[in-house]
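Undergrad: The structure follows.
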Amino acid sequence: MKTVLLQTDIRWADEMANIREAERLIGDSAGADLYVLPEMWSTGFITNPQEGAVDEKASRALQWMRDAARKNKCAICGSLAVQTADGHYRNRLYFVNGRTDELAYYDKRHLFTYGNEHTHYEAGQTHTIVSYDGMRLLLEVCYDLRFPCWSRYATERQYDAIIFVANWPASRQSAWQILTRARAIENQCYVIAVNRVGDDKNAHYIGGSSIIDPIGRTVVQASFGHSQAVEGDLSLASLQQKRSRFRVLDDRDELRQSD
């Protein structure tokens with residue numbers, strides 16, 4: 001599966017500027033199966049929704065994702081700050097399949113209390129696994145990366161890759177690199193990890209977006225500090241071969257239903 005990481009420099013609460021940047025990067029990397037954007041890619045990490053969260057039904061960014069996915073016959077994934085029909089604000093990770101016009105989403109489970117995200121946003125309660133191009137993709141957002149039980153491969157939660165989208169600051173870059181690799185190794189899966197670059201009023205970001213393979217090797221990594229699109233391939237056959245040859249997952253601890 002040809003996958004492109006869209007490591008963008010997000011302009012604060014400027015939806016149209018961020019849409020144009022995403023569109024430019026996709027145009028520079030045409031022909032991929034999947035494009036992945038960072039967390040809250042259309043606004044930056046707004047913990048106060050009054051600064052830019054929009055009604056889900058009126059989101060120009062979400063509509064652009066649907067239109068662009070249709071046009072390019074691909075899937076586009078990225079999270080947005082939205083207000084849903086029940087009146088709650090959510091950090092919602094969308095997966096738009098332009099080949100079938102299907103829309104799936106995952107609501108961030110672990111809200112970033114250190115940054116007061118929990119003050120205004122509603123945490124998700126369920127996992128989302130999307131089937132696309134022959135692969136099963138587990139959707140997760142930023143802070144979820146620090147909680148391995150939540151993403152653990154299990155009998156009732158089987159997948160081939162985890163997508164992590166993030167606004168992960170440079171001050172904690174070493175944790176980003178270690179944890180993305182750990183999640184890949186412990187679950188014998190690919191990890192698609194997309195971070196932003198640039199600055200907002202709270203932090204500085206240098207990216208480090210990457211694809212990690214099931215044994216912890218880097219398939220591709222974006223350069224630090226630059227807005228760019230980088231491409232890597234995910235091979236289901238290679239993944240299955242690694243899992244069948246070195247059967248680590250057969251010896252896993254089974255989790256409780258609540259984990």
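Ordered as shown in the structure tokens, chains take letters A, B, and onward, while each chain numbers its residues from 1 and ligands are numbered from 1 in the order shown.
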Please list as a VMD selection string every residue within 6 Å of segment 63-78 of chain A, counting only C-alpha atoms and excluding residues in the same chain fewer than 6 positions away.
TA: chain A and resid 33 to 38 93 to 99
Undergrad: Could you pull the residues within 6 Å of Arg92 of chain A, counting only C-alpha atoms, minus those fewer than 3 positions along the same chain, as a tab-separated table (two decimals) with N, CA and C atoms, in the first residue's frame?
TA:
```tsv
chain	number	residue	atom	x	y	z
A	79	SER	N	-7.01	14.21	11.76
A	79	SER	CA	-7.98	14.57	12.79
A	79	SER	C	-8.36	16.05	12.73
A	80	LEU	N	-9.58	16.33	13.18
A	80	LEU	CA	-10.13	17.68	13.20
A	80	LEU	C	-10.78	17.95	14.56
A	106	TYR	N	-12.56	7.93	14.49
A	106	TYR	CA	-12.18	7.51	15.84
A	106	TYR	C	-12.05	8.76	16.69
A	107	ASP	N	-12.65	8.76	17.88
A	107	ASP	CA	-12.54	9.88	18.81
A	107	ASP	C	-11.42	9.61	19.80
```
Undergrad: Kindly indicate which residue among A:Ala53, A:Ala170, A:Leu111, A:Ile215 lies nearest to Ala203 of chain A, using only C-alpha atoms for the distances.
TA: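 So, comparing all the options, the nearest one is A:Ala170.
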Undergrad: Can you check which residues of segment 82-173 of chain A DSSP gives as strand (DSSP E) on the backbone and send them as a PyMOL selection string?
TA: chain A and resi 82-83+89-97+102-107+129-132+135-141+161-165
Undergrad: Any idea what's packed within 12 Å of Leu145 of chain A, counting only C-alpha atoms, ignoring anything in its chain fewer than 3 positions away? Could you give it as a PyMOL selection string?
TA: chain A and resi 108-112+139-142+148-152+162-168+175-184+191-194
Undergrad: With C-alpha atoms retained, write the just-selected residues as a PDB file, in the first residue's frame.
TA:
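Result file is selection06.pdb:
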```pdb
ATOM      1  CA  LYS A 108      -9.310  10.407  20.749  1.00  0.00           C
ATOM      2  CA  ARG A 109      -9.478   8.306  23.901  1.00  0.00           C
ATOM      3  CA  HIS A 110      -6.639   9.821  25.950  1.00  0.00           C
ATOM      4  CA  LEU A 111      -7.167  13.559  26.113  1.00  0.00           C
ATOM      5  CA  PHE A 112      -4.048  15.564  26.915  1.00  0.00           C
ATOM      6  CA  LEU A 139      -6.782   4.615  14.248  1.00  0.00           C
ATOM      7  CA  GLU A 140      -5.196   6.511  17.177  1.00  0.00           C
ATOM      8  CA  VAL A 141      -4.353  10.108  18.088  1.00  0.00           C
ATOM      9  CA  CYS A 142      -1.219  11.638  19.666  1.00  0.00           C
ATOM     10  CA  PRO A 148       0.184   0.609  25.176  1.00  0.00           C
ATOM     11  CA  CYS A 149      -2.758  -1.341  26.603  1.00  0.00           C
ATOM     12  CA  TRP A 150      -5.174   0.782  24.569  1.00  0.00           C
ATOM     13  CA  SER A 151      -3.488  -0.132  21.280  1.00  0.00           C
ATOM     14  CA  ARG A 152      -2.484  -3.712  22.182  1.00  0.00           C
ATOM     15  CA  ILE A 162      -1.574   1.581  13.556  1.00  0.00           C
ATOM     16  CA  ILE A 163      -2.019   5.145  12.344  1.00  0.00           C
ATOM     17  CA  PHE A 164      -0.907   7.739  14.905  1.00  0.00           C
ATOM     18  CA  VAL A 165      -1.531  11.400  14.043  1.00  0.00           C
ATOM     19  CA  ALA A 166      -0.054  14.024  16.341  1.00  0.00           C
ATOM     20  CA  ASN A 167       0.955  17.512  17.399  1.00  0.00           C
ATOM     21  CA  TRP A 168       3.982  16.202  19.332  1.00  0.00           C
ATOM     22  CA  ALA A 175       9.669   9.872  23.402  1.00  0.00           C
ATOM     23  CA  TRP A 176       7.917  10.102  20.011  1.00  0.00           C
ATOM     24  CA  GLN A 177      10.672   8.158  18.308  1.00  0.00           C
ATOM     25  CA  ILE A 178      10.981   5.515  21.019  1.00  0.00           C
ATOM     26  CA  LEU A 179       7.245   4.948  21.519  1.00  0.00           C
ATOM     27  CA  THR A 180       6.341   4.680  17.826  1.00  0.00           C
ATOM     28  CA  ARG A 181       9.046   2.039  17.437  1.00  0.00           C
ATOM     29  CA  ALA A 182       7.886   0.228  20.586  1.00  0.00           C
ATOM     30  CA  ARG A 183       4.267   0.059  19.408  1.00  0.00           C
ATOM     31  CA  ALA A 184       5.423  -1.482  16.109  1.00  0.00           C
ATOM     32  CA  VAL A 191       3.182   2.072  12.521  1.00  0.00           C
ATOM     33  CA  ILE A 192       2.292   5.099  10.419  1.00  0.00           C
ATOM     34  CA  ALA A 193       3.176   8.110  12.575  1.00  0.00           C
ATOM     35  CA  VAL A 194       2.511  11.635  11.300  1.00  0.00           C
TER      36      VAL A 194
END
```
Undergrad: Which is closest to Gly124 of chain A among A:Arg146, A:Arg157, A:Arg90, A:Arg172, if we use only C-alpha atoms?
TA: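 Smallest separation from Gly124 of chain A among the options: A:Arg90.
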Undergrad: When you count only C-alpha atoms, which of these residues is closest to Glu117 of chain A: A:Thr47, A:Thr155, A:Ser59, A:Asn187?
TA: A:Thr47
